[in-house]
>>> print(open('target.cif').read())   # mmCIF, C-alpha atoms and all ligand atoms
data_entry
#
loop_
_atom_site.label_atom_id
_atom_site.label_comp_id
_atom_site.auth_asym_id
_atom_site.auth_seq_id
_atom_site.Cartn_x
_atom_site.Cartn_y
_atom_site.Cartn_z
CA MET A 8 0.00 0.00 0.00
CA SER A 9 1.18 3.51 -0.68
CA LYS A 10 -0.29 6.70 0.65
CA LYS A 11 -1.84 8.96 -1.93
CA PRO A 12 -2.46 12.62 -1.16
CA PHE A 13 -5.91 14.03 -1.94
CA VAL A 14 -4.27 17.02 -3.63
CA THR A 15 -2.00 17.16 -6.65
CA LYS A 16 0.86 19.42 -7.68
CA GLU A 17 -1.41 21.13 -10.23
CA MET A 18 -4.04 21.84 -7.59
CA MET A 19 -1.38 23.14 -5.22
CA ASP A 20 0.03 25.55 -7.80
CA GLU A 21 -3.45 27.13 -7.90
CA ILE A 22 -4.15 27.01 -4.15
CA VAL A 23 -0.91 28.73 -3.12
CA LYS A 24 -1.72 31.73 -5.31
CA LYS A 25 -4.39 32.57 -2.76
CA TYR A 26 -3.21 30.80 0.37
CA PRO A 27 0.55 30.60 0.90
CA THR A 28 2.03 27.54 2.61
CA PRO A 29 2.11 26.28 5.26
CA PHE A 30 -1.51 25.31 5.84
CA HIS A 31 -3.64 22.39 6.84
CA ILE A 32 -6.09 21.25 4.20
CA TYR A 33 -9.01 18.87 4.83
CA ASP A 34 -10.92 16.60 2.47
CA GLU A 35 -14.68 17.03 2.75
CA LYS A 36 -15.45 13.96 0.66
CA GLY A 37 -13.27 11.68 2.77
CA ILE A 38 -14.74 13.01 6.02
CA ARG A 39 -18.32 12.48 4.85
CA GLU A 40 -17.77 9.01 3.43
CA ASN A 41 -15.99 7.85 6.55
CA LEU A 42 -18.82 9.10 8.76
CA GLU A 43 -21.40 7.28 6.65
CA ALA A 44 -19.41 4.04 6.97
CA LEU A 45 -19.20 4.45 10.76
CA LYS A 46 -22.96 4.99 10.99
CA ALA A 47 -23.65 1.99 8.77
CA ALA A 48 -21.34 -0.21 10.85
CA PHE A 49 -23.31 0.63 14.01
CA SER A 50 -26.77 0.94 12.46
CA TRP A 51 -27.82 -2.23 14.32
CA ASN A 52 -27.89 -0.17 17.54
CA LYS A 53 -30.95 2.07 17.73
CA GLY A 54 -29.42 4.76 19.90
CA PHE A 55 -25.96 4.80 18.32
CA LYS A 56 -24.28 8.19 18.31
CA GLU A 57 -20.78 9.42 17.60
CA TYR A 58 -19.81 12.41 19.74
CA PHE A 59 -16.91 13.86 17.78
CA ALA A 60 -13.92 14.52 20.06
CA VAL A 61 -13.64 18.25 19.45
CA LYS A 62 -10.08 18.42 20.78
CA ALA A 63 -8.89 16.48 17.73
CA THR A 64 -9.91 19.17 15.22
CA PRO A 65 -11.63 22.12 16.90
CA ASN A 66 -12.79 23.91 13.77
CA PRO A 67 -16.49 24.83 13.81
CA TYR A 68 -16.82 24.34 10.07
CA LEU A 69 -15.46 20.80 10.21
CA MET A 70 -17.46 20.05 13.35
CA GLN A 71 -20.54 21.12 11.42
CA LEU A 72 -19.81 18.65 8.60
CA LEU A 73 -20.04 15.94 11.23
CA THR A 74 -22.96 17.26 13.24
CA GLU A 75 -25.00 17.70 10.05
CA GLY A 76 -24.38 14.00 9.60
CA GLY A 77 -25.86 13.26 13.02
CA CYS A 78 -22.85 13.50 15.33
CA GLY A 79 -22.78 15.20 18.68
CA CYS A 80 -19.77 16.93 20.22
CA ASP A 81 -17.48 15.50 22.88
CA CYS A 82 -16.10 18.52 24.72
CA SER A 83 -13.53 18.76 27.47
CA SER A 84 -13.05 22.46 28.14
CA LEU A 85 -14.83 25.80 28.24
CA THR A 86 -13.90 26.84 24.72
CA GLU A 87 -14.79 23.45 23.27
CA LEU A 88 -18.22 23.80 24.88
CA MET A 89 -18.46 27.29 23.39
CA LEU A 90 -17.55 25.97 19.92
CA SER A 91 -20.27 23.40 20.23
CA GLU A 92 -22.80 25.99 21.36
CA ALA A 93 -21.73 28.28 18.51
CA ILE A 94 -22.69 25.71 15.90
CA GLY A 95 -26.01 25.05 17.65
CA VAL A 96 -25.06 21.73 19.20
CA VAL A 97 -26.46 21.73 22.73
CA GLY A 98 -28.40 19.52 25.15
CA GLU A 99 -27.77 15.79 24.98
CA ASN A 100 -25.80 16.31 21.78
CA ILE A 101 -22.96 17.41 24.04
CA MET A 102 -20.89 14.91 25.96
CA PHE A 103 -18.70 16.68 28.49
CA SER A 104 -15.81 14.27 29.12
CA SER A 105 -13.28 16.29 31.06
CA ASN A 106 -10.92 15.67 33.92
CA GLU A 107 -9.63 17.89 36.73
CA THR A 108 -12.61 20.03 35.78
CA PRO A 109 -13.08 23.53 37.17
CA GLU A 110 -16.45 24.30 38.76
CA SER A 111 -17.25 26.96 36.18
CA GLU A 112 -16.95 24.45 33.33
CA TYR A 113 -19.34 22.02 34.99
CA GLN A 114 -21.76 24.91 35.38
CA TYR A 115 -21.43 25.89 31.74
CA ALA A 116 -21.85 22.30 30.53
CA ALA A 117 -24.95 21.93 32.69
CA LYS A 118 -26.35 25.24 31.44
CA LEU A 119 -26.08 23.91 27.89
CA GLY A 120 -27.82 20.72 28.98
CA GLY A 121 -24.86 18.52 28.05
CA ILE A 122 -24.31 15.06 29.45
CA ILE A 123 -21.62 15.18 32.12
CA ASN A 124 -19.15 12.33 32.28
CA LEU A 125 -17.51 12.28 35.72
CA ASP A 126 -13.84 11.39 35.85
CA ASP A 127 -13.62 10.63 39.56
CA ILE A 128 -15.73 9.67 42.56
CA THR A 129 -14.74 12.86 44.43
CA HIS A 130 -16.36 14.85 41.64
CA ILE A 131 -19.80 13.73 42.76
CA GLU A 132 -19.71 16.12 45.70
CA TYR A 133 -17.82 18.71 43.69
CA LEU A 134 -20.46 18.67 40.97
CA GLU A 135 -23.33 18.74 43.44
CA LYS A 136 -21.83 21.79 45.05
CA ALA A 137 -21.17 23.45 41.68
CA LEU A 138 -24.69 22.88 40.37
CA GLY A 139 -26.76 22.87 43.55
CA LYS A 140 -28.44 19.70 42.33
CA LEU A 141 -27.18 16.75 40.32
CA PRO A 142 -28.55 16.29 36.79
CA GLU A 143 -31.01 13.47 36.04
CA THR A 144 -28.51 11.76 33.74
CA LEU A 145 -24.85 11.23 34.58
CA SER A 146 -22.05 9.18 33.14
CA CYS A 147 -18.98 7.85 34.95
CA ARG A 148 -15.59 7.11 33.46
CA TYR A 149 -14.19 3.69 34.27
CA ASN A 150 -10.56 2.61 34.60
CA PRO A 151 -10.01 -1.03 35.59
CA GLY A 152 -6.23 -0.50 35.97
CA GLY A 153 -3.70 -3.08 34.84
CA VAL A 154 -2.98 -3.45 31.16
CA PHE A 155 -5.44 -3.71 28.30
CA LYS A 156 -4.89 -6.86 26.25
CA VAL A 157 -6.41 -8.43 23.19
CA SER A 158 -5.36 -11.91 22.08
CA ASN A 159 -2.54 -11.81 24.63
CA SER A 160 -0.95 -8.70 23.20
CA ILE A 161 -0.82 -5.60 25.37
CA MET A 162 -2.48 -2.61 23.73
CA ASP A 163 -2.15 0.00 26.44
CA ASN A 164 -1.61 0.61 30.11
CA PRO A 165 -4.73 1.94 31.89
CA GLY A 166 -3.05 1.32 35.26
CA GLU A 167 -0.76 4.25 34.48
CA ALA A 168 -3.53 6.53 33.20
CA LYS A 169 -4.81 9.36 35.39
CA TYR A 170 -8.41 8.94 34.28
CA GLY A 171 -11.49 7.29 35.66
CA PHE A 172 -13.04 5.46 38.64
CA THR A 173 -11.65 2.14 39.86
CA THR A 174 -14.06 -0.82 39.76
CA GLU A 175 -14.88 -0.46 43.44
CA GLN A 176 -15.37 3.26 43.14
CA LEU A 177 -17.69 2.79 40.19
CA PHE A 178 -20.06 0.54 42.17
CA GLU A 179 -19.93 2.86 45.14
CA GLY A 180 -20.34 5.91 42.91
CA PHE A 181 -23.44 4.49 41.22
CA ARG A 182 -24.98 3.75 44.66
CA ILE A 183 -24.26 7.27 45.88
CA LEU A 184 -25.57 8.88 42.70
CA LYS A 185 -28.69 6.80 42.80
CA ALA A 186 -29.31 7.73 46.45
CA LYS A 187 -28.88 11.37 45.43
CA GLY A 188 -31.63 11.06 42.85
CA VAL A 189 -29.76 10.48 39.57
CA LYS A 190 -32.13 8.53 37.30
CA TYR A 191 -30.16 7.55 34.21
CA PHE A 192 -26.61 6.33 33.96
CA GLY A 193 -23.87 6.00 31.41
CA ILE A 194 -20.55 4.17 31.50
CA HIS A 195 -17.50 5.47 29.68
CA ALA A 196 -14.02 4.03 29.21
CA PHE A 197 -11.01 4.92 27.08
CA LEU A 198 -8.47 2.17 27.67
CA ALA A 199 -6.21 2.20 24.61
CA SER A 200 -5.18 4.89 22.17
CA ASN A 201 -4.64 4.79 18.39
CA THR A 202 -5.39 1.07 18.15
CA ILE A 203 -4.79 -0.56 14.80
CA SER A 204 -6.85 -3.62 15.53
CA ASN A 205 -10.42 -4.62 14.88
CA GLU A 206 -10.40 -6.25 18.32
CA TYR A 207 -10.09 -3.17 20.56
CA TYR A 208 -13.69 -1.96 20.53
CA PRO A 209 -15.28 -5.44 20.72
CA GLU A 210 -13.05 -6.41 23.67
CA LEU A 211 -13.67 -3.10 25.45
CA ALA A 212 -17.38 -3.38 24.73
CA LYS A 213 -17.55 -6.89 26.16
CA GLN A 214 -15.88 -5.78 29.39
CA LEU A 215 -18.16 -2.76 29.72
CA PHE A 216 -21.29 -4.75 28.89
CA GLU A 217 -20.48 -7.33 31.59
CA LEU A 218 -19.79 -4.49 33.99
CA ALA A 219 -23.12 -2.87 33.11
CA VAL A 220 -25.01 -6.08 33.88
CA LYS A 221 -23.32 -6.32 37.29
CA LEU A 222 -23.82 -2.65 38.05
CA LYS A 223 -27.51 -2.96 37.28
CA GLU A 224 -27.86 -6.11 39.39
CA GLU A 225 -26.00 -4.73 42.35
CA THR A 226 -27.04 -1.07 42.37
CA GLY A 227 -30.32 -1.10 40.48
CA ALA A 228 -29.05 1.76 38.30
CA GLU A 229 -30.82 2.29 35.00
CA ILE A 230 -28.04 2.30 32.40
CA LYS A 231 -28.97 4.23 29.27
CA PHE A 232 -25.74 4.23 27.32
CA ILE A 233 -22.27 2.81 27.09
CA ASN A 234 -19.65 5.12 25.68
CA LEU A 235 -16.74 3.33 24.00
CA SER A 236 -15.02 6.70 23.67
CA GLY A 237 -12.06 7.20 21.30
CA GLY A 238 -9.11 5.04 20.48
CA ILE A 239 -9.80 3.58 17.05
CA GLY A 240 -6.59 4.34 15.25
CA ILE A 241 -5.49 5.09 11.72
CA PRO A 242 -2.61 3.64 9.71
CA TYR A 243 0.07 6.32 9.86
CA LEU A 244 2.60 3.97 8.25
CA PRO A 245 2.26 3.32 4.53
CA ASP A 246 2.44 -0.46 4.92
CA GLN A 247 -0.06 -0.64 7.79
CA GLU A 248 -3.51 -1.94 7.14
CA GLY A 249 -6.29 0.27 8.45
CA ASN A 250 -9.15 -0.83 10.66
CA ASP A 251 -12.25 -2.38 9.16
CA ILE A 252 -15.07 -0.40 10.73
CA TYR A 253 -17.65 -3.00 9.67
CA ALA A 254 -15.70 -5.76 11.42
CA ILE A 255 -15.46 -3.53 14.49
CA GLY A 256 -19.21 -2.75 14.43
CA ASN A 257 -19.99 -6.43 14.06
CA GLY A 258 -17.66 -7.42 16.88
CA VAL A 259 -19.41 -4.95 19.20
CA LYS A 260 -22.78 -6.27 18.02
CA GLU A 261 -21.83 -9.85 18.89
CA ALA A 262 -20.77 -8.83 22.41
CA PHE A 263 -23.96 -6.76 22.72
CA GLU A 264 -26.16 -9.71 21.88
CA GLU A 265 -24.19 -12.18 23.95
CA VAL A 266 -24.13 -10.04 27.09
CA LEU A 267 -26.68 -7.23 27.07
CA VAL A 268 -29.53 -8.69 25.02
CA ALA A 269 -29.19 -11.91 26.99
CA ALA A 270 -29.53 -9.91 30.22
CA GLY A 271 -32.62 -8.09 28.95
CA MET A 272 -30.65 -4.85 28.51
CA GLY A 273 -30.89 -4.61 24.72
CA ASP A 274 -32.15 -1.00 24.82
CA ILE A 275 -28.77 0.42 25.80
CA ALA A 276 -27.38 2.96 23.32
CA ILE A 277 -23.79 2.73 22.13
CA TYR A 278 -21.90 5.99 21.98
CA THR A 279 -18.45 6.68 20.59
CA GLU A 280 -16.17 9.70 20.98
CA LEU A 281 -13.84 9.23 18.06
CA GLY A 282 -11.46 11.96 17.06
CA ARG A 283 -8.49 10.53 15.18
CA TYR A 284 -10.57 8.03 13.24
CA MET A 285 -13.02 10.71 12.08
CA MET A 286 -10.50 13.24 10.84
CA GLY A 287 -6.90 12.01 10.92
CA PRO A 288 -6.51 10.70 7.36
CA TYR A 289 -8.52 13.58 5.87
CA GLY A 290 -6.03 16.31 6.71
CA HIS A 291 -2.68 17.20 5.20
CA LEU A 292 -0.13 19.72 6.39
CA VAL A 293 1.24 21.28 3.22
CA THR A 294 4.61 22.94 3.45
CA THR A 295 7.23 24.23 1.01
CA ALA A 296 10.87 23.17 1.05
CA ILE A 297 12.66 26.51 1.47
CA HIS A 298 16.20 25.41 2.30
CA GLN A 299 18.60 22.55 1.79
CA LYS A 300 21.48 22.04 4.11
CA HIS A 301 24.37 19.62 3.62
CA THR A 302 26.28 19.14 6.88
CA HIS A 303 26.63 16.00 8.98
CA LYS A 304 23.32 15.00 7.48
CA GLU A 305 21.16 16.10 4.59
CA TYR A 306 18.45 18.51 5.74
CA ILE A 307 15.36 19.86 4.07
CA GLY A 308 14.15 23.02 5.80
CA CYS A 309 10.41 23.67 5.54
CA ASP A 310 8.21 26.68 6.09
CA ALA A 311 6.17 24.61 8.60
CA CYS A 312 7.46 23.57 11.98
CA ALA A 313 6.37 21.67 15.08
CA VAL A 314 4.01 24.54 15.90
CA ASN A 315 1.90 23.30 12.99
CA LEU A 316 2.26 19.63 13.86
CA MET A 317 3.64 18.59 17.19
CA ARG A 318 3.27 14.81 17.09
CA PRO A 319 6.67 13.92 15.59
CA ALA A 320 8.47 16.24 18.05
CA MET A 321 6.40 15.12 21.03
CA TYR A 322 6.04 11.39 20.47
CA GLY A 323 8.42 10.63 17.64
CA SER A 324 5.35 9.80 15.56
CA TYR A 325 5.70 8.77 11.95
CA HIS A 326 3.86 10.95 9.43
CA HIS A 327 4.23 9.95 5.83
CA ILE A 328 5.54 12.58 3.42
CA THR A 329 4.79 12.91 -0.27
CA VAL A 330 6.71 15.31 -2.50
CA LEU A 331 3.99 16.65 -4.78
CA GLY A 332 4.61 16.01 -8.44
CA LYS A 333 7.20 13.34 -7.58
CA GLU A 334 4.77 10.66 -6.44
CA GLU A 335 6.13 8.17 -8.96
CA GLN A 336 9.83 8.90 -8.49
CA GLU A 337 12.21 6.54 -6.73
CA THR A 338 13.03 7.39 -3.12
CA THR A 339 16.74 7.77 -3.67
CA HIS A 340 17.67 10.41 -1.06
CA GLN A 341 17.82 10.21 2.70
CA TYR A 342 16.74 13.39 4.50
CA ASP A 343 15.87 14.90 7.82
CA VAL A 344 12.86 17.09 7.06
CA VAL A 345 12.93 19.88 9.61
CA GLY A 346 11.16 23.00 10.80
CA SER A 347 12.64 26.27 12.02
CA LEU A 348 12.20 26.04 15.79
CA CYS A 349 15.27 26.40 17.98
CA GLU A 350 14.65 22.90 19.26
CA ASN A 351 16.38 19.91 17.73
CA ASN A 352 13.26 17.76 18.01
CA ASP A 353 11.59 19.95 15.38
CA LYS A 354 11.88 17.26 12.73
CA PHE A 355 8.95 15.96 10.70
CA ALA A 356 11.05 13.04 9.52
CA ILE A 357 14.45 11.62 10.37
CA ASP A 358 16.50 9.57 7.88
CA ARG A 359 13.50 9.41 5.57
CA MET A 360 13.99 8.07 2.05
CA LEU A 361 12.35 10.47 -0.41
CA PRO A 362 12.75 11.48 -4.02
CA GLU A 363 15.33 14.19 -4.58
CA ILE A 364 13.83 17.42 -3.22
CA GLU A 365 14.42 20.83 -4.72
CA VAL A 366 13.80 24.16 -3.04
CA GLY A 367 10.25 25.15 -3.90
CA ASP A 368 8.83 21.63 -3.80
CA TYR A 369 5.59 21.17 -1.90
CA LEU A 370 5.64 18.49 0.74
CA VAL A 371 2.40 16.89 1.89
CA ILE A 372 2.64 15.64 5.45
CA HIS A 373 -0.07 13.02 5.76
CA ASP A 374 -2.64 12.21 8.44
CA THR A 375 -2.63 15.55 10.17
CA GLY A 376 -6.43 15.91 10.29
CA ALA A 377 -6.64 15.05 13.99
CA HIS A 378 -4.39 16.16 16.83
CA GLY A 379 -2.51 18.23 14.23
CA TYR A 380 -3.46 21.90 14.07
CA SER A 381 -5.17 21.54 17.43
CA MET A 382 -1.97 20.79 19.34
CA GLY A 383 -0.42 23.96 17.92
CA TYR A 384 1.32 26.53 20.03
CA ASN A 385 3.34 29.68 19.55
CA TYR A 386 6.88 28.72 20.54
CA ASN A 387 9.61 30.88 19.00
CA GLY A 388 6.87 33.40 18.24
CA LYS A 389 5.73 31.21 15.37
CA LEU A 390 2.21 31.83 14.17
CA LYS A 391 -0.41 29.20 13.55
CA SER A 392 -1.29 28.45 9.96
CA ALA A 393 -4.54 28.67 8.05
CA GLU A 394 -6.95 25.76 7.65
CA LEU A 395 -8.51 25.09 4.25
CA LEU A 396 -11.24 22.75 3.13
CA LEU A 397 -11.18 20.95 -0.19
CA CYS A 398 -14.93 20.82 -0.86
CA GLU A 399 -16.63 17.95 -2.62
CA ASN A 400 -17.16 20.16 -5.67
CA GLY A 401 -13.42 20.85 -5.93
CA GLU A 402 -13.61 24.38 -4.52
CA VAL A 403 -11.11 25.34 -1.80
CA LYS A 404 -12.50 27.28 1.15
CA LEU A 405 -10.67 29.14 3.88
CA ILE A 406 -12.07 27.81 7.16
CA ARG A 407 -9.59 29.50 9.47
CA ARG A 408 -7.23 32.28 8.51
CA ALA A 409 -3.59 32.18 9.48
CA GLU A 410 -2.59 34.02 12.64
CA THR A 411 -0.96 37.40 12.17
CA PRO A 412 1.47 39.27 14.42
CA LYS A 413 -1.54 41.26 15.60
CA ASP A 414 -3.05 38.06 17.02
CA TYR A 415 0.24 37.27 18.71
CA PHE A 416 0.34 40.68 20.35
CA ALA A 417 -3.36 40.78 21.24
CA THR A 418 -2.85 39.59 24.80
CA PHE A 419 -0.39 42.43 25.48
CA ASP A 420 -3.21 44.93 25.15
CA CYS A 421 -2.99 45.28 28.94
CA LEU A 422 0.41 46.96 28.52
CA PRO A 423 1.22 50.46 27.24
CA ILE A 424 3.70 48.91 24.80
CA HIS A 425 0.78 47.59 22.78
CA SER A 426 0.03 51.00 21.28
CA LYS A 427 3.66 51.34 20.11
CA ILE A 428 3.66 48.25 17.93
CA LYS A 429 2.90 48.74 14.26
CA PHE A 430 1.15 45.87 12.50
C1 LIG B 1 -8.87 12.34 23.17
C2 LIG B 1 -10.17 11.81 23.57
C3 LIG B 1 -11.02 11.21 22.62
C4 LIG B 1 -10.63 11.01 21.18
O1 LIG B 1 -9.57 10.15 21.07
P1 LIG B 1 -9.07 9.63 19.62
O2 LIG B 1 -7.87 8.85 19.94
O3 LIG B 1 -8.80 10.86 18.84
O4 LIG B 1 -10.17 8.84 19.05
C5 LIG B 1 -12.25 10.78 23.06
N1 LIG B 1 -12.65 10.93 24.33
C6 LIG B 1 -11.87 11.50 25.27
C7 LIG B 1 -12.37 11.65 26.65
C8 LIG B 1 -10.60 11.95 24.93
O5 LIG B 1 -9.82 12.50 25.85
#
>>> encode(input="target.cif", output="structure tokens")
Amino acid sequence: MSKKPFVTKEMMDEIVKKYPTPFHIYDEKGIRENLEALKAAFSWNKGFKEYFAVKATPNPYLMQLLTEGGCGCDCSSLTELMLSEAIGVVGENIMFSSNETPESEYQYAAKLGGIINLDDITHIEYLEKALGKLPETLSCRYNPGGVFKVSNSIMDNPGEAKYGFTTEQLFEGFRILKAKGVKYFGIHAFLASNTISNEYYPELAKQLFELAVKLKEETGAEIKFINLSGGIGIPYLPDQEGNDIYAIGNGVKEAFEEVLVAAGMGDIAIYTELGRYMMGPYGHLVTTAIHQKHTHKEYIGCDACAVNLMRPAMYGSYHHITVLGKEEQETTHQYDVVGSLCENNDKFAIDRMLPEIEVGDYLVIHDTGAHGYSMGYNYNGKLKSAELLLCENGEVKLIRRAETPKDYFATFDCLPIHSKIKF
């Protein structure tokens, strides 16, 4: 398998006339088709809903593409709640899955009528105090500890994760909540990240379904939904095979029938909070090679940097790179593809085999549609790029302008120096 960009050199020559690199560009067609496949894969569940994890790609225009298709919004902060409200997504179309939550954010989420997903048993009292009265519906986040395994291979390490209630706390929490008048319950768990396996969701689902049956038996709680959260991954590597969403949906269905239907709990809705899977492959970071440096290694210097895409610097993540117009050329040259930050981890690729690159070439950095732009920051005074949408009809739309120095200086408006700066 090779990775093909959804833009070509010819398209790019046109786009850059209006929008200079670097920028993130998203593929409307890919986003829509992927959402339809997800919905089809879970259509067996009457209450199925994907709450898009806003933190992955917090752009209201992109969020709207998904919410028009029936998604809700999974928010975790004040501004994510505000984004959701701004596009008219309120009430039970909001899932508020936060942790270490300030009182004011609980109040705002409750004001919007969102479903609150508690991260810890101590938050029961905290929330009650913040709101005066607990909502009718509440969800609790579960963390069984240990490691998360499928077919004897370890996928992740929930025992080291800061999130969620322990098993004991979950039973106790449900009892307390019930005694305090909460009527409807949800269970949430996020136990492995970026999984490239059709087994993650079905295995997680089975564990949560069995837990739900026990929780109902022992506490009498009425469980309305089970939230499988995020964690379905995407193939960042060109030779990786992606997940089969239909196999995943079917696997969850089998566990649902075996455990929940058998226990007379077949009305439970399945929710997901996918971020990466919804958007990751449908975004590119496009950058221009502006320098070549031949020292102890061969370097290609780009006009983008880790401010535009932090994952390689932060986690050493692989992001595939295509040199536009040279898709068919042999990868004969070994490069470090680097940004301009004064940090030596600002490298999009290390020892990567690519076709020979010339200054002026456009590089497509793949799979930046989730946790790409959104992790951006302003180190070295670098400004965040624009975001563009390649529409289904071929048109290119600006869906967020690039930051300007004026944006960078905006928060100094409390100082007299502000009036002395010319923009
Ligand atoms: C990050 C996050 C998600 C989305 O995770 P992906 O790996 O992007 O699918 C969903 N829910 C919660 C609570 C998260 O923190």
>>> closest_atom_pairs(input="target.cif", of="chain A", to="ligand LIG 1 (chain B)", cutoff="8 Å", atoms="only C-alpha atoms and all ligand atoms", output="Markdown table")
| residue | atom | partner | partner_atom | distance |
| --- | --- | --- | --- | --- |
| A:Phe59 | CA | B:LIG1 | C5 | 7.7 |
| A:Ala60 | CA | B:LIG1 | C4 | 4.9 |
| A:Lys62 | CA | B:LIG1 | C1 | 6.6 |
| A:Ala63 | CA | B:LIG1 | O3 | 5.7 |
| A:Asp81 | CA | B:LIG1 | N1 | 6.8 |
| A:Ser83 | CA | B:LIG1 | C7 | 7.3 |
| A:Ser104 | CA | B:LIG1 | C7 | 5.0 |
| A:Ser105 | CA | B:LIG1 | C7 | 6.5 |
| A:Phe197 | CA | B:LIG1 | N1 | 6.8 |
| A:Ser200 | CA | B:LIG1 | O2 | 5.3 |
| A:Asn201 | CA | B:LIG1 | O2 | 5.4 |
| A:Ser236 | CA | B:LIG1 | N1 | 4.9 |
| A:Gly237 | CA | B:LIG1 | O4 | 3.4 |
| A:Gly238 | CA | B:LIG1 | O2 | 4.0 |
| A:Ile239 | CA | B:LIG1 | O4 | 5.6 |
| A:Gly240 | CA | B:LIG1 | O2 | 6.6 |
| A:Thr279 | CA | B:LIG1 | C5 | 7.8 |
| A:Glu280 | CA | B:LIG1 | C5 | 4.6 |
| A:Leu281 | CA | B:LIG1 | O4 | 3.8 |
| A:Gly282 | CA | B:LIG1 | O3 | 3.4 |
| A:Arg283 | CA | B:LIG1 | O3 | 3.7 |
| A:Tyr284 | CA | B:LIG1 | O4 | 5.9 |
| A:Met285 | CA | B:LIG1 | O4 | 7.8 |
| A:Ala377 | CA | B:LIG1 | O3 | 6.8 |
| A:His378 | CA | B:LIG1 | O3 | 7.2 |
>>> write_last_selection(input="target.cif", atoms="C-alpha atoms", output="PDB file, in the coordinates of the input")
ATOM      1  CA  PHE A  59     -16.910  13.860  17.780  1.00  0.00           C
ATOM      2  CA  ALA A  60     -13.920  14.520  20.060  1.00  0.00           C
ATOM      3  CA  LYS A  62     -10.080  18.420  20.780  1.00  0.00           C
ATOM      4  CA  ALA A  63      -8.890  16.480  17.730  1.00  0.00           C
ATOM      5  CA  ASP A  81     -17.480  15.500  22.880  1.00  0.00           C
ATOM      6  CA  SER A  83     -13.530  18.760  27.470  1.00  0.00           C
ATOM      7  CA  SER A 104     -15.810  14.270  29.120  1.00  0.00           C
ATOM      8  CA  SER A 105     -13.280  16.290  31.060  1.00  0.00           C
ATOM      9  CA  PHE A 197     -11.010   4.920  27.080  1.00  0.00           C
ATOM     10  CA  SER A 200      -5.180   4.890  22.170  1.00  0.00           C
ATOM     11  CA  ASN A 201      -4.640   4.790  18.390  1.00  0.00           C
ATOM     12  CA  SER A 236     -15.020   6.700  23.670  1.00  0.00           C
ATOM     13  CA  GLY A 237     -12.060   7.200  21.300  1.00  0.00           C
ATOM     14  CA  GLY A 238      -9.110   5.040  20.480  1.00  0.00           C
ATOM     15  CA  ILE A 239      -9.800   3.580  17.050  1.00  0.00           C
ATOM     16  CA  GLY A 240      -6.590   4.340  15.250  1.00  0.00           C
ATOM     17  CA  THR A 279     -18.450   6.680  20.590  1.00  0.00           C
ATOM     18  CA  GLU A 280     -16.170   9.700  20.980  1.00  0.00           C
ATOM     19  CA  LEU A 281     -13.840   9.230  18.060  1.00  0.00           C
ATOM     20  CA  GLY A 282     -11.460  11.960  17.060  1.00  0.00           C
ATOM     21  CA  ARG A 283      -8.490  10.530  15.180  1.00  0.00           C
ATOM     22  CA  TYR A 284     -10.570   8.030  13.240  1.00  0.00           C
ATOM     23  CA  MET A 285     -13.020  10.710  12.080  1.00  0.00           C
ATOM     24  CA  ALA A 377      -6.640  15.050  13.990  1.00  0.00           C
ATOM     25  CA  HIS A 378      -4.390  16.160  16.830  1.00  0.00           C
TER      26      HIS A 378
END
>>> closest_atom_pairs(input="target.cif", of="stretch 44-81 of chain A", to="stretch 252-270 of chain A", cutoff="9 Å", atoms="only C-alpha atoms", output="Markdown table")
| residue | atom | partner | partner_atom | distance |
| --- | --- | --- | --- | --- |
| A:Ala44 | CA | A:Ile252 | CA | 7.3 |
| A:Leu45 | CA | A:Ile252 | CA | 6.4 |
| A:Ala47 | CA | A:Tyr253 | CA | 7.9 |
| A:Ala48 | CA | A:Tyr253 | CA | 4.8 |
| A:Phe49 | CA | A:Gly256 | CA | 5.3 |
| A:Ser50 | CA | A:Gly256 | CA | 8.6 |
| A:Trp51 | CA | A:Lys260 | CA | 7.4 |
| A:Asn52 | CA | A:Lys260 | CA | 8.0 |
>>> axis_aligned_box(input="target.cif", around="stretch 319-326 of chain A", padding_each_side="6 Å", output="JSON")
{"center_x": 6.2, "center_y": 12.5, "center_z": 15.2, "size_x": 16.6, "size_y": 19.5, "size_z": 23.6}
>>> atom_distance(input="target.cif", atom1="atom CA of A:Pro109", atom2="atom CA of A:Pro67")
23.6 Å
>>> closest_residue(input="target.cif", among="A:Ala168, A:Ile131, A:Ile123, A:Ile364", to="A:Val154", atoms="only C-alpha atoms")
A:Ala168
>>> closest_residue(input="target.cif", among="A:Ala313, A:Ala93, A:Val330, A:Leu145", to="A:Ala117", atoms="only C-alpha atoms")
A:Leu145
>>> residues_around(input="target.cif", residues="stretch 315-325 of chain A", least_positions_apart="4", cutoff="6 Å", atoms="only C-alpha atoms", output="PyMOL selection string")
chain A and resi 352-353+355+379-380+383
>>> residues_near_point(input="target.cif", point="(-17.0, 5.1, 30.9)", cutoff="6 Å", atoms="all atoms listed in the file", output="compact mmCIF listing (two decimals) with C-alpha atoms, in the frame of the given file")
# COMPACT_ATOMS: atom_id res chain seq x y z
CA CYS A 147 -18.98 7.85 34.95
CA ARG A 148 -15.59 7.11 33.46
CA TYR A 149 -14.19 3.69 34.27
CA ILE A 194 -20.55 4.17 31.50
CA HIS A 195 -17.50 5.47 29.68
CA ALA A 196 -14.02 4.03 29.21
CA ASN A 234 -19.65 5.12 25.68
>>> closest_residue(input="target.cif", among="A:Tyr33, A:Phe55, A:Phe181, A:Tyr26", to="A:Pro288", atoms="all atoms listed in the file")
A:Tyr33
>>> closest_residue(input="target.cif", among="A:Gly98, A:Gly166, A:Pro12, A:Gly171", to="A:Ile328", atoms="all atoms listed in the file")
A:Pro12
